[in-house]
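**Student:** What follows is run-v5.txt, compact mmCIF, C-alpha atoms.
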# COMPACT_ATOMS: atom_id res chain seq x y z
CA MET A 1 -4.78 10.40 -9.94
CA ASN A 2 -2.49 8.23 -12.11
CA LYS A 3 0.41 10.52 -11.22
CA LYS A 4 -0.09 9.75 -7.54
CA PHE A 5 0.07 6.02 -8.18
CA VAL A 6 3.27 6.52 -10.18
CA LEU A 7 4.74 8.50 -7.29
CA MET A 8 3.93 5.82 -4.75
CA ALA A 9 5.54 3.17 -6.94
CA VAL A 10 8.69 5.26 -7.40
CA LEU A 11 8.97 5.93 -3.67
CA LEU A 12 8.58 2.25 -2.80
CA ILE A 13 11.27 1.25 -5.28
CA CYS A 14 13.67 3.94 -4.08
CA LEU A 15 13.22 3.31 -0.39
CA LEU A 16 12.91 -0.47 -0.09
CA PRO A 17 15.82 -1.25 2.25
CA VAL A 18 17.63 -4.55 2.25
CA LEU A 19 18.03 -5.56 5.87
CA LEU A 20 20.61 -8.20 6.51
CA ILE A 21 20.17 -9.78 9.90
CA ALA A 22 22.96 -12.05 11.03
CA GLY A 23 22.02 -14.56 13.72
CA ASP A 24 24.32 -15.92 16.39
CA ASP A 25 26.57 -18.79 15.39
CA GLU A 26 29.34 -20.92 16.87
CA THR A 27 32.62 -22.14 15.42
CA VAL A 28 34.54 -24.96 17.12
CA LEU A 29 38.30 -24.92 16.56
CA LYS A 30 41.11 -27.25 17.56
CA GLN A 31 44.49 -25.80 18.48
CA GLY A 32 46.95 -28.41 19.60
CA ASN A 33 45.39 -30.24 22.51
CA LYS A 34 42.98 -27.39 23.28
CA THR A 35 39.38 -27.00 22.17
CA ILE A 36 38.23 -23.43 21.41
CA ILE A 37 34.59 -22.44 20.95
CA ILE A 38 34.15 -19.11 19.16
CA LYS A 39 30.72 -17.57 19.62
CA LYS A 40 29.88 -15.48 16.58
CA THR A 41 27.63 -12.55 17.41
CA GLY A 42 25.45 -10.75 14.88
CA ASP A 43 27.99 -8.00 14.19
CA MET A 44 30.96 -10.33 13.55
CA SER A 45 32.10 -10.87 9.98
CA ASP A 46 33.96 -13.81 8.46
CA SER A 47 37.18 -11.81 8.68
CA ASP A 48 36.68 -11.48 12.45
CA ILE A 49 36.35 -15.28 12.74
CA GLU A 50 39.54 -15.67 10.70
CA GLU A 51 41.28 -13.24 13.05
CA LEU A 52 40.21 -15.29 16.07
CA GLN A 53 41.45 -18.47 14.42
CA ASN A 54 44.89 -16.90 14.16
CA LEU A 55 45.02 -15.76 17.81
CA LYS A 56 47.64 -17.46 19.97
CA LEU A 57 46.18 -18.39 23.31
CA ASP A 58 47.99 -16.79 26.19
CA ILE A 59 48.30 -19.99 28.18
CA GLN A 60 51.73 -20.84 29.49
CA MET A 61 51.70 -24.64 29.23
CA GLU A 62 54.30 -27.04 27.95
CA ALA A 63 54.18 -28.59 24.49
CA GLU A 64 51.48 -27.52 22.02
CA LYS A 65 51.62 -30.92 20.31
CA GLU A 66 49.41 -33.83 21.25
CA ILE A 67 50.82 -35.54 24.37
CA ALA A 68 49.88 -38.86 25.98
CA ASP A 69 47.50 -38.70 28.92
CA ASP A 70 50.18 -40.09 31.30
CA ALA A 71 52.90 -37.70 30.14
CA PRO A 72 54.77 -36.01 33.03
CA PHE A 73 53.90 -32.46 33.86
CA PHE A 74 56.51 -30.20 35.48
CA GLY A 75 54.45 -27.08 35.88
CA ILE A 76 57.36 -24.79 35.06
CA ILE A 77 57.65 -22.13 32.37
CA PRO A 78 61.16 -22.71 31.02
CA ALA A 79 63.47 -20.55 28.92
CA GLU A 80 66.97 -20.82 27.50
CA LEU A 81 69.63 -19.53 29.89
CA ASP A 82 71.73 -16.80 28.30
CA PHE A 83 75.13 -15.55 29.44
CA SER A 84 73.94 -12.24 30.86
CA LYS A 85 71.26 -13.91 33.02
CA ALA A 86 73.77 -16.48 34.24
CA GLN A 87 76.12 -13.67 35.29
CA GLU A 88 73.28 -11.83 37.02
CA LEU A 89 72.48 -14.98 39.07
CA ASN A 90 76.19 -15.77 39.69
CA TYR A 91 75.78 -19.16 37.98
CA PRO A 92 79.21 -20.59 37.07
CA ASN A 93 78.21 -23.31 34.59
CA SER A 94 77.43 -23.28 30.87
CA TYR A 95 74.39 -25.59 30.95
CA GLY A 96 70.94 -25.54 32.52
CA ILE A 97 67.59 -23.93 31.77
CA LEU A 98 65.99 -20.93 33.48
CA ILE A 99 62.61 -21.19 35.23
CA THR A 100 60.68 -18.00 34.41
CA GLY A 101 57.37 -18.91 36.05
CA ILE A 102 55.36 -21.55 37.86
CA VAL A 103 51.93 -22.89 36.82
CA PRO A 104 49.54 -22.60 39.81
CA ASN A 105 48.56 -25.86 41.54
CA SER A 106 51.15 -27.86 39.58
CA ALA A 107 53.89 -30.20 40.86
CA ALA A 108 56.45 -27.39 40.58
CA TYR A 109 54.17 -25.21 42.69
CA GLN A 110 53.78 -28.00 45.29
CA TYR A 111 57.55 -28.59 45.56
CA ARG A 112 58.21 -24.86 45.80
CA LEU A 113 60.23 -24.35 42.66
CA ALA A 114 60.50 -20.63 41.96
CA GLU A 115 61.17 -18.04 39.32
CA ASP A 116 64.91 -17.57 38.56
CA ASP A 117 65.73 -21.11 39.71
CA ILE A 118 68.07 -22.82 37.23
CA LEU A 119 67.28 -26.49 36.55
CA MET A 120 70.65 -28.24 36.20
CA GLU A 121 69.97 -31.99 36.34
CA ILE A 122 67.23 -34.62 36.42
CA ASP A 123 68.47 -37.81 38.14
CA SER A 124 72.07 -36.64 37.63
CA LYS A 125 71.53 -36.16 33.87
CA LYS A 126 72.50 -32.66 32.77
CA VAL A 127 69.80 -30.43 31.33
CA ILE A 128 71.82 -28.72 28.60
CA ASN A 129 68.97 -26.75 27.00
CA LEU A 130 65.23 -26.85 26.30
CA LYS A 131 65.61 -29.54 23.65
CA GLU A 132 67.45 -31.76 26.14
CA LEU A 133 64.75 -31.10 28.75
CA ASP A 134 62.08 -32.44 26.37
CA LYS A 135 64.24 -35.48 25.62
CA LEU A 136 64.78 -36.28 29.30
CA LYS A 137 61.11 -35.88 30.13
CA SER A 138 60.20 -38.43 27.49
CA PHE A 139 61.70 -41.18 29.71
CA TYR A 140 59.24 -40.50 32.52
CA ARG A 141 55.50 -40.72 33.21
CA ALA A 142 53.17 -38.90 35.55
CA GLY A 143 53.78 -40.09 39.13
CA ASP A 144 57.46 -40.96 38.60
CA ALA A 145 59.82 -39.79 41.37
CA VAL A 146 63.06 -38.10 40.38
CA MET A 147 65.89 -36.11 41.94
CA LEU A 148 66.22 -32.54 40.66
CA THR A 149 69.37 -30.48 40.95
CA ILE A 150 68.73 -26.73 40.91
CA PHE A 151 70.80 -23.59 41.41
CA ARG A 152 69.20 -20.97 43.66
CA ALA A 153 70.63 -17.89 45.37
CA GLY A 154 74.24 -18.93 44.69
CA GLU A 155 73.83 -22.55 45.90
CA GLN A 156 73.07 -25.94 44.39
CA LYS A 157 70.11 -27.75 45.93
CA ARG A 158 68.73 -31.25 45.50
CA ILE A 159 64.98 -31.72 45.59
CA ASP A 160 62.98 -34.94 45.64
CA PHE A 161 60.29 -34.40 43.00
CA VAL A 162 57.29 -36.35 41.71
CA PHE A 163 55.96 -35.51 38.26
CA GLY A 164 52.35 -34.43 38.18
CA SER A 165 49.62 -35.23 35.66
CA ARG A 166 49.06 -32.97 32.75
CA PRO A 167 45.83 -30.97 33.21
CA LYS A 168 42.98 -31.85 30.87
CA ALA A 169 42.83 -29.64 27.82
CA PRO A 170 40.75 -26.59 28.60
CA THR A 171 37.64 -25.72 26.65
CA MET A 172 37.66 -22.01 26.16
CA THR A 173 34.90 -19.72 25.00
CA ILE A 174 36.02 -16.57 23.25
CA GLU A 175 33.58 -13.74 22.72
CA LYS A 176 34.79 -10.83 20.69
CA LYS A 177 33.05 -7.50 20.45
CA ILE A 178 33.86 -5.74 17.24
CA GLN A 179 34.96 -2.22 18.07
CA GLY A 180 36.11 -1.21 14.59
CA LYS A 181 32.81 -1.90 12.84
CA LYS A 182 30.87 1.27 13.55
CA ALA A 183 27.32 1.98 12.51
CA LEU A 184 27.19 3.61 9.10
CA SER A 185 27.01 7.38 9.25
CA GLY A 186 24.38 9.40 7.45
CA GLY A 187 26.86 12.24 6.98
CA SER A 188 26.90 15.74 8.43
CA GLY A 189 25.03 17.74 5.81
CA GLY A 190 25.80 20.37 3.24
CA GLY A 191 24.14 22.41 0.53
CA THR A 192 23.89 22.91 -3.20
CA TRP A 193 22.29 24.43 -6.25
CA ILE A 194 19.13 22.45 -7.02
CA PRO A 195 17.63 22.39 -10.50
CA MET A 196 14.18 20.79 -10.18
CA TRP A 197 11.81 19.60 -12.88
CA PHE A 198 8.21 20.25 -11.81
CA SER A 199 5.36 18.81 -13.86
CA ALA A 200 2.98 21.59 -12.81
CA ASP A 201 -0.50 21.96 -14.28
CA MET A 202 -0.16 25.14 -16.39
CA ASP A 203 -3.53 25.01 -18.18
CA ASP A 204 -5.12 27.95 -16.33
CA VAL A 205 -2.02 30.14 -16.61
CA ASN A 206 -1.67 29.43 -20.31
CA GLU A 207 -5.34 30.18 -20.91
CA LEU A 208 -4.79 33.58 -19.31
CA VAL A 209 -1.64 34.52 -21.23
CA GLN A 210 -3.06 33.31 -24.55
CA THR A 211 -6.27 35.27 -24.05
CA ILE A 212 -4.31 38.51 -23.79
CA GLY A 213 -2.22 37.67 -26.82
CA PHE A 214 0.93 35.95 -25.55
CA SER A 215 2.32 32.51 -26.45
CA LYS A 216 1.95 29.67 -23.99
CA LEU A 217 4.37 28.75 -21.25
CA PRO A 218 5.77 25.15 -21.23
CA GLU A 219 2.95 22.67 -20.74
CA ASP A 220 4.86 19.48 -19.87
CA GLY A 221 6.80 20.91 -16.94
CA LEU A 222 9.02 23.71 -15.74
CA LEU A 223 12.73 23.50 -14.94
CA THR A 224 12.97 25.56 -11.77
CA GLN A 225 16.24 26.77 -10.27
CA GLY A 226 16.96 26.83 -6.59
CA PHE A 227 19.24 26.31 -3.62
CA GLY A 228 19.01 24.25 -0.48
CA GLY A 229 20.92 22.90 2.47
CA LYS A 230 20.53 20.78 5.59
CA GLY A 231 22.40 19.64 8.65
CA ASN A 232 22.44 16.58 10.91
CA VAL A 233 20.49 17.10 14.14
CA GLY A 234 21.13 13.58 15.48
CA LYS A 235 20.39 9.95 14.66
CA ASN A 236 20.59 10.69 10.93
CA TRP A 237 17.73 13.22 11.04
CA PHE A 238 18.40 16.34 8.98
CA LEU A 239 16.79 19.77 9.18
CA GLY A 240 17.14 22.32 6.43
CA GLY A 241 15.44 24.49 3.88
CA GLN A 242 15.23 25.09 0.15
CA PHE A 243 13.63 27.40 -2.40
CA HIS A 244 12.99 27.28 -6.14
CA PHE A 245 11.89 29.80 -8.72
CA TYR A 246 10.94 29.96 -12.39
CA TRP A 247 10.35 33.03 -14.49
CA ASP A 248 9.58 33.97 -18.08
CA THR A 249 8.93 37.27 -19.80
CA LYS A 250 7.12 38.02 -23.06
CA LYS A 251 6.46 41.20 -25.04
CA ILE A 252 4.25 42.06 -28.00
CA ASN A 253 3.58 45.33 -29.81
CA GLU A 254 0.21 46.63 -31.01
CA VAL A 255 -1.11 49.78 -32.60
CA ILE A 256 -4.22 51.49 -31.28
CA ASP A 257 -5.54 54.56 -33.18
CA THR A 258 -2.18 55.00 -34.87
CA GLU A 259 -0.41 54.99 -31.50
CA SER A 260 2.11 52.23 -30.75
CA TYR A 261 1.80 50.28 -27.48
CA THR A 262 3.86 47.54 -25.82
CA ASN A 263 2.21 44.75 -23.88
CA SER A 264 4.54 42.97 -21.45
CA MET A 265 3.96 39.83 -19.41
CA LYS A 266 6.18 38.47 -16.66
CA TYR A 267 5.38 35.07 -15.14
CA ASN A 268 6.99 33.92 -11.89
CA MET A 269 6.63 30.72 -9.87
CA PHE A 270 8.04 30.47 -6.35
CA ILE A 271 8.47 27.41 -4.08
CA GLY A 272 10.13 27.46 -0.66
CA GLY A 273 10.02 25.88 2.76
CA GLY A 274 11.66 23.93 5.56
CA THR A 275 12.76 20.33 5.14
CA LEU A 276 13.00 17.29 7.42
CA ASP A 277 14.75 14.15 6.16
CA LYS A 278 15.72 10.77 7.60
CA ARG A 279 18.84 9.38 5.97
CA ILE A 280 19.28 5.62 5.59
CA PRO A 281 22.92 4.66 4.86
CA ILE A 282 23.35 1.70 2.51
CA THR A 283 27.15 1.75 2.37
CA ARG A 284 29.81 4.23 3.42
CA ASN A 285 29.43 6.04 0.09
CA ILE A 286 25.76 5.46 -0.76
CA ILE A 287 22.94 7.01 1.29
CA THR A 288 19.19 7.08 0.75
CA SER A 289 16.68 9.25 2.56
CA VAL A 290 12.99 9.93 2.90
CA GLY A 291 11.71 13.36 3.81
CA LEU A 292 9.21 16.14 3.62
CA MET A 293 9.23 19.79 2.66
CA ILE A 294 6.54 22.06 4.13
CA GLY A 295 6.28 25.63 2.93
CA GLY A 296 4.56 27.92 0.47
CA GLY A 297 4.39 28.67 -3.21
CA SER A 298 2.72 30.93 -5.74
CA HIS A 299 1.88 31.73 -9.35
CA THR A 300 2.35 35.41 -10.24
CA VAL A 301 1.56 37.09 -13.56
CA GLU A 302 2.45 40.77 -14.05
CA LEU A 303 0.87 42.61 -17.00
CA VAL A 304 1.92 46.00 -18.40
CA HIS A 305 0.20 47.97 -21.19
CA THR A 306 2.04 51.18 -22.11
CA ASN A 307 2.91 53.55 -24.90
CA GLY A 308 5.92 54.76 -22.96
CA ASP A 309 4.47 58.29 -22.67
CA TYR A 310 4.63 59.24 -18.97
CA ASN A 311 4.24 62.85 -17.76
CA TRP A 312 4.91 64.23 -14.32
CA PRO A 313 1.79 66.06 -13.08
CA VAL A 314 2.79 69.72 -12.91
CA ALA A 315 0.42 72.47 -11.73
CA THR A 316 -0.05 75.37 -14.18
CA ASP A 317 -2.21 78.46 -14.26
CA ASP A 318 -4.60 76.69 -16.61
CA ASP A 319 -4.66 73.48 -14.50
CA PRO A 320 -3.82 74.25 -10.85
CA ASN A 321 -4.86 70.72 -9.68
CA PRO A 322 -3.11 68.14 -11.86
CA ASN A 323 -3.77 64.48 -11.09
CA THR A 324 -2.30 61.06 -11.89
CA GLN A 325 -4.73 60.71 -14.76
CA ASP A 326 -2.00 62.33 -16.82
CA ILE A 327 0.19 59.30 -16.00
CA MET A 328 -2.34 56.44 -16.09
CA SER A 329 -4.68 57.53 -18.88
CA THR A 330 -2.81 55.57 -21.54
CA ASN A 331 -0.85 53.12 -19.34
CA SER A 332 -1.96 50.25 -17.12
CA TYR A 333 -0.39 47.67 -14.81
CA ALA A 334 -1.85 44.63 -13.04
CA LYS A 335 -0.30 41.94 -10.86
CA LEU A 336 -2.28 38.70 -10.65
CA SER A 337 -1.33 36.02 -8.12
CA LYS A 338 -2.46 32.91 -6.31
CA GLY A 339 -0.74 31.54 -3.21
CA TYR A 340 -0.52 28.01 -1.81
CA ILE A 341 0.48 26.03 1.24
CA LEU A 342 2.84 23.28 0.01
CA VAL A 343 3.69 19.78 1.18
CA GLN A 344 6.26 17.73 -0.74
CA PRO A 345 7.07 14.14 0.28
CA ARG A 346 10.24 12.97 -1.44
CA ALA A 347 12.91 10.27 -1.62
CA GLU A 348 16.59 10.82 -2.23
CA ILE A 349 19.72 8.85 -3.10
CA MET A 350 23.23 10.26 -2.76
CA VAL A 351 26.51 8.78 -3.99
CA ARG A 352 29.77 10.11 -2.57
CA LEU A 353 32.36 11.00 -5.23
CA LEU A 354 34.87 12.84 -3.03
CA SER A 355 35.03 13.59 0.68
CA TRP A 356 33.29 16.93 0.00
CA LEU A 357 31.29 16.16 -3.17
CA ALA A 358 28.42 13.80 -3.96
CA LEU A 359 25.94 13.18 -6.76
CA ARG A 360 22.35 13.57 -5.62
CA GLY A 361 19.04 12.45 -7.12
CA GLU A 362 15.57 13.08 -5.72
CA VAL A 363 11.99 12.28 -6.72
CA GLY A 364 8.90 13.67 -5.00
CA TYR A 365 5.38 14.94 -5.39
CA MET A 366 4.26 18.51 -4.74
CA TYR A 367 0.86 19.07 -3.17
CA GLY A 368 -0.52 22.61 -3.04
CA TYR A 369 -3.49 23.88 -1.06
CA GLY A 370 -4.96 27.28 -1.85
CA PRO A 371 -6.41 28.83 1.33
CA THR A 372 -8.68 31.02 -0.84
CA SER A 373 -10.36 30.17 -4.12
CA GLY A 374 -9.51 31.99 -7.32
CA TRP A 375 -6.81 34.55 -8.04
CA LYS A 376 -6.22 38.01 -6.63
CA VAL A 377 -5.18 41.29 -8.23
CA LYS A 378 -2.57 43.16 -6.21
CA HIS A 379 -2.14 46.92 -6.33
CA THR A 380 0.27 47.21 -3.42
CA ASP A 381 1.79 44.75 -0.99
CA SER A 382 -1.04 45.38 1.45
CA GLU A 383 -3.91 45.88 -0.98
CA SER A 384 -5.46 43.19 -3.17
CA TYR A 385 -8.78 42.46 -4.80
CA GLU A 386 -10.51 39.24 -5.72
CA LEU A 387 -10.35 38.48 -9.42
CA LYS A 388 -13.91 37.53 -10.25
CA ASN A 389 -14.59 34.40 -12.30
CA SER A 390 -10.95 33.29 -11.97
CA PRO A 391 -10.29 29.52 -11.73
CA ASP A 392 -9.18 27.62 -8.64
CA THR A 393 -5.87 26.69 -10.26
CA PRO A 394 -4.17 23.54 -8.87
CA PHE A 395 -0.53 23.51 -7.81
CA GLU A 396 0.72 19.92 -7.80
CA GLY A 397 2.77 17.43 -9.76
CA LEU A 398 5.81 15.17 -9.80
CA THR A 399 9.21 16.68 -9.02
CA PHE A 400 12.60 15.35 -10.03
CA THR A 401 16.11 16.64 -9.56
CA VAL A 402 19.67 15.45 -10.28
CA GLY A 403 22.76 17.46 -9.44
CA PRO A 404 25.84 17.91 -7.25
CA TRP A 405 25.85 18.08 -3.46
CA PHE A 406 28.61 19.89 -1.61
CA GLY A 407 29.21 18.05 1.64
CA PHE A 408 27.83 14.66 2.63
Please express what this file holds, its structure, as structure tokens.

**Tutor:**
Amino acid sequence: MNKKFVLMAVLLICLLPVLLIAGDDETVLKQGNKTIIIKKTGDMSDSDIEELQNLKLDIQMEAEKEIADDAPFFGIIPAELDFSKAQELNYPNSYGILITGIVPNSAAYQYRLAEDDILMEIDSKKVINLKELDKLKSFYRAGDAVMLTIFRAGEQKRIDFVFGSRPKAPTMTIEKKIQGKKALSGGSGGGTWIPMWFSADMDDVNELVQTIGFSKLPEDGLLTQGFGGKGNVGKNWFLGGQFHFYWDTKKINEVIDTESYTNSMKYNMFIGGGTLDKRIPITRNIITSVGLMIGGGSHTVELVHTNGDYNWPVATDDDPNPNTQDIMSTNSYAKLSKGYILVQPRAEIMVRLLSWLALRGEVGYMYGYGPTSGWKVKHTDSESYELKNSPDTPFEGLTFTVGPWFGF
């Protein structure tokens, strides 16, 4: 019973997940004369907030610096006028700025300024370039009336113009969904050689082999060898299978009535079944899982007593009806076995070393149920006999394995 408590403790320690739940948050930023509210959702990291802080707002407005409330507002999107654009518009002068767009509902929109207009003068003062435009605007306030000189479609035009008021700084809410941060994957599966330490109860088996003259098998546990594999069937659930085996052989010689005999013993343990596991990714390279193997297992002990003297039964005139007594009279063979239905809950941790290779560790507990009590003696695959007075040998114990895993 103490072993079961140890198992439960180990499983709890191995499988206790650390769940980090990030709540919603808000960050208020100032960019120039604009207020930006960034709503941080649960899947946004600090680096995402930093990225948003560095975003340039796609708002075509004049002057990012702080401007007085009564500053004049044109409502144009200006650009330097280069030689090729001047030639394209048939503009003969070497000064002026190009209007590349109009802000909706602005003064420029109201007075019907248009894209590809060239602003030449404000109250007869030449607009040499963008720097000069800013300087000239500094002499005016919202509501001031001026005379604009523009070049449009090959002609100069004069337009009476009244500066508008600068719109109030917008408050913008930016919500960003993180596309790059995908849910951690539990991998696709793989397979491997699986050495497994099984602390099986070997008392009954050892009592048997000692009684007939052989030395004991390991009492503290058996290092079984095996193979297994599994594949992802969706949502980090994995189906697969595995099997394990352990064997040992022993021989002793004895002399009976001056005749030499050999007694041989072969012990075999088998474990195999289907597996179902739920993987729980911790990081990209570290994965834990909980699972279950359901299958079957067995103890088998084969015993041979022989002097090596075997004769084929041949009919003769003196003995026209030979029988197998000539073969079996001095030789004997018996195969003792006990089968089990197995259930093995287990926990696993896997650390990726390469894209195709990981280190895997697993701890579990093997439970065996014998459908029939006692052992059986098998003569053929289809014929067996109950072994009277044989014990109801248990098949359970802690299991532990560490080894490579090919795949992930």

**Student:** Would you be able to write out as a compact mmCIF listing (two decimals) with C-alpha atoms, keeping the file's coordinate frame which residues have an atom within 7 Å of (16.2, 10.0, -1.5) in the file's coordinates, counting all atoms listed in the file?

**Tutor:**
# COMPACT_ATOMS: atom_id res chain seq x y z
CA THR A 288 19.19 7.08 0.75
CA SER A 289 16.68 9.25 2.56
CA VAL A 290 12.99 9.93 2.90
CA ARG A 346 10.24 12.97 -1.44
CA ALA A 347 12.91 10.27 -1.62
CA GLU A 348 16.59 10.82 -2.23
CA ILE A 349 19.72 8.85 -3.10
CA GLY A 361 19.04 12.45 -7.12
CA GLU A 362 15.57 13.08 -5.72

**Student:** So which residues fall inside 10 Å of (4.5, 18.2, -21.6) if we count all atoms listed in the file? Mind giving them as a PDB file with C-alpha atoms, in the frame of the given file?

**Tutor:**
ATOM      1  CA  SER A 199       5.360  18.810 -13.860  1.00  0.00           C
ATOM      2  CA  ALA A 200       2.980  21.590 -12.810  1.00  0.00           C
ATOM      3  CA  ASP A 201      -0.500  21.960 -14.280  1.00  0.00           C
ATOM      4  CA  MET A 202      -0.160  25.140 -16.390  1.00  0.00           C
ATOM      5  CA  PRO A 218       5.770  25.150 -21.230  1.00  0.00           C
ATOM      6  CA  GLU A 219       2.950  22.670 -20.740  1.00  0.00           C
ATOM      7  CA  ASP A 220       4.860  19.480 -19.870  1.00  0.00           C
ATOM      8  CA  GLY A 221       6.800  20.910 -16.940  1.00  0.00           C
ATOM      9  CA  LEU A 222       9.020  23.710 -15.740  1.00  0.00           C
TER      10      LEU A 222
END

**Student:** Quick one: residues within 12 Å of Val255 of chain A, all atoms listed in the file counted, chain neighbours fewer than 4 positions away excluded, as a PyMOL selection string?

**Tutor:** chain A and resi 259-263+305-307

**Student:** Could you check how far atom CA of Leu223 of chain A sits from atom CA of Phe198 of chain A, in Å to one decimal?

**Tutor:**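 Distance reported for this atom pair: 6.4 Å.
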
**Student:** Would you pick out the contacts of segment 232-235 of chain A at 8 Å or less, using only C-alpha atoms, so that residues sharing its chain but fewer than 6 positions from it are not included, and give the list as a PyMOL selection string?

**Tutor:** chain A and resi 187-189

**Student:** What does the structure give for the distance between atom CA of Lys388 of chain A and atom CA of Ile256 of chain A, in Å to one decimal?

**Tutor:**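 Here the two named atoms are 27.0 Å from each other.
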
**Student:** Looking at A:Leu276, A:Leu336, A:Ile194, A:Val402, which one is nearest to Gly374 of chain A, with distances taken over all atoms listed in the file?

**Tutor:**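 Ranked by minimum distance to Gly374 of chain A, first place goes to A:Leu336.
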
**Student:** Looking at A:Pro78, A:Glu207, A:Leu398, A:Ala71, which one is nearest to Asp144 of chain A, with distances taken over only C-alpha atoms?

**Tutor:**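 Nearest candidate to Asp144 of chain A out of A:Pro78, A:Glu207, A:Leu398, A:Ala71: A:Ala71.
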
**Student:** State, in Å with one decimal place, the distance from atom CA of Gly240 of chain A to atom CA of Gly274 of chain A.

**Tutor:**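 Interatomic distance here is 5.8 Å.
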
**Student:** Tell me, as number ranges by chain, which residues lie within 9 Å of Tyr91 of chain A, counting all atoms listed in the file; anything in the same chain fewer than 2 positions away does not count.

**Tutor:** A: 85-89, 93-94, 118, 151-152, 154-155

**Student:** Select, from A:Arg112, A:Lys126, A:Lys266, A:Lys137, the residue with the minimum atom-to-atom distance to Asp160 of chain A, counting all atoms listed in the file.

**Tutor:**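 The shortest atom-to-atom distance to Asp160 of chain A comes from A:Arg112.
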
**Student:** Out of A:Trp247, A:Phe227, A:Phe238, A:Phe400, which residue has the shortest atom-to-atom distance to Gly186 of chain A when counting all atoms listed in the file?

**Tutor:**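 Between A:Trp247, A:Phe227, A:Phe238, A:Phe400, the residue approaching Gly186 of chain A most closely is A:Phe238.
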
**Student:** Give the answer as one residue: which of A:His299, A:Lys135, A:Arg284, A:Lys338 has the shortest atom-to-atom distance to Leu184 of chain A, using all atoms listed in the file?

**Tutor:**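 Ranking A:His299, A:Lys135, A:Arg284, A:Lys338 by distance to Leu184 of chain A, first place goes to A:Arg284.
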
**Student:** Please determine, counting only C-alpha atoms, which residue among A:Tyr333, A:Asp204, A:Asn253, A:Phe408 has the shortest atom-to-atom distance to Asp392 of chain A.

**Tutor:** A:Asp204

**Student:** Is it possible to add N, CA and C atoms to segment 69-81 of chain A and hand it back as an mmCIF file, in the frame of the given file?

**Tutor:**
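Output (part16.cif):
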data_model
loop_
_atom_site.group_PDB
_atom_site.id
_atom_site.type_symbol
_atom_site.label_atom_id
_atom_site.label_comp_id
_atom_site.auth_asym_id
_atom_site.auth_seq_id
_atom_site.Cartn_x
_atom_site.Cartn_y
_atom_site.Cartn_z
ATOM 1 N N ASP A 69 48.188 -39.071 27.685
ATOM 2 C CA ASP A 69 47.500 -38.700 28.920
ATOM 3 C C ASP A 69 48.382 -38.870 30.153
ATOM 4 N N ASP A 70 49.333 -39.849 30.120
ATOM 5 C CA ASP A 70 50.180 -40.090 31.300
ATOM 6 C C ASP A 70 51.527 -39.402 31.194
ATOM 7 N N ALA A 71 51.637 -38.438 30.265
ATOM 8 C CA ALA A 71 52.900 -37.700 30.140
ATOM 9 C C ALA A 71 53.164 -36.906 31.410
ATOM 10 N N PRO A 72 54.448 -36.751 31.805
ATOM 11 C CA PRO A 72 54.770 -36.010 33.030
ATOM 12 C C PRO A 72 54.552 -34.515 32.851
ATOM 13 N N PHE A 73 54.151 -33.902 33.919
ATOM 14 C CA PHE A 73 53.900 -32.460 33.860
ATOM 15 C C PHE A 73 54.701 -31.778 34.961
ATOM 16 N N PHE A 74 55.671 -30.936 34.543
ATOM 17 C CA PHE A 74 56.510 -30.200 35.480
ATOM 18 C C PHE A 74 55.701 -29.088 36.153
ATOM 19 N N GLY A 75 55.121 -28.266 35.344
ATOM 20 C CA GLY A 75 54.450 -27.080 35.880
ATOM 21 C C GLY A 75 55.345 -25.869 35.908
ATOM 22 N N ILE A 76 56.464 -25.946 35.137
ATOM 23 C CA ILE A 76 57.360 -24.790 35.060
ATOM 24 C C ILE A 76 57.206 -24.121 33.695
ATOM 25 N N ILE A 77 57.581 -22.857 33.640
ATOM 26 C CA ILE A 77 57.650 -22.130 32.370
ATOM 27 C C ILE A 77 59.140 -21.916 32.101
ATOM 28 N N PRO A 78 59.705 -22.734 31.200
ATOM 29 C CA PRO A 78 61.160 -22.710 31.020
ATOM 30 C C PRO A 78 61.603 -21.759 29.910
ATOM 31 N N ALA A 79 62.877 -21.382 29.956
ATOM 32 C CA ALA A 79 63.470 -20.550 28.920
ATOM 33 C C ALA A 79 64.949 -20.876 28.831
ATOM 34 N N GLU A 80 65.528 -20.618 27.647
ATOM 35 C CA GLU A 80 66.970 -20.820 27.500
ATOM 36 C C GLU A 80 67.723 -19.870 28.431
ATOM 37 N N LEU A 81 68.807 -20.333 28.979
ATOM 38 C CA LEU A 81 69.630 -19.530 29.890
ATOM 39 C C LEU A 81 70.718 -18.839 29.073
#
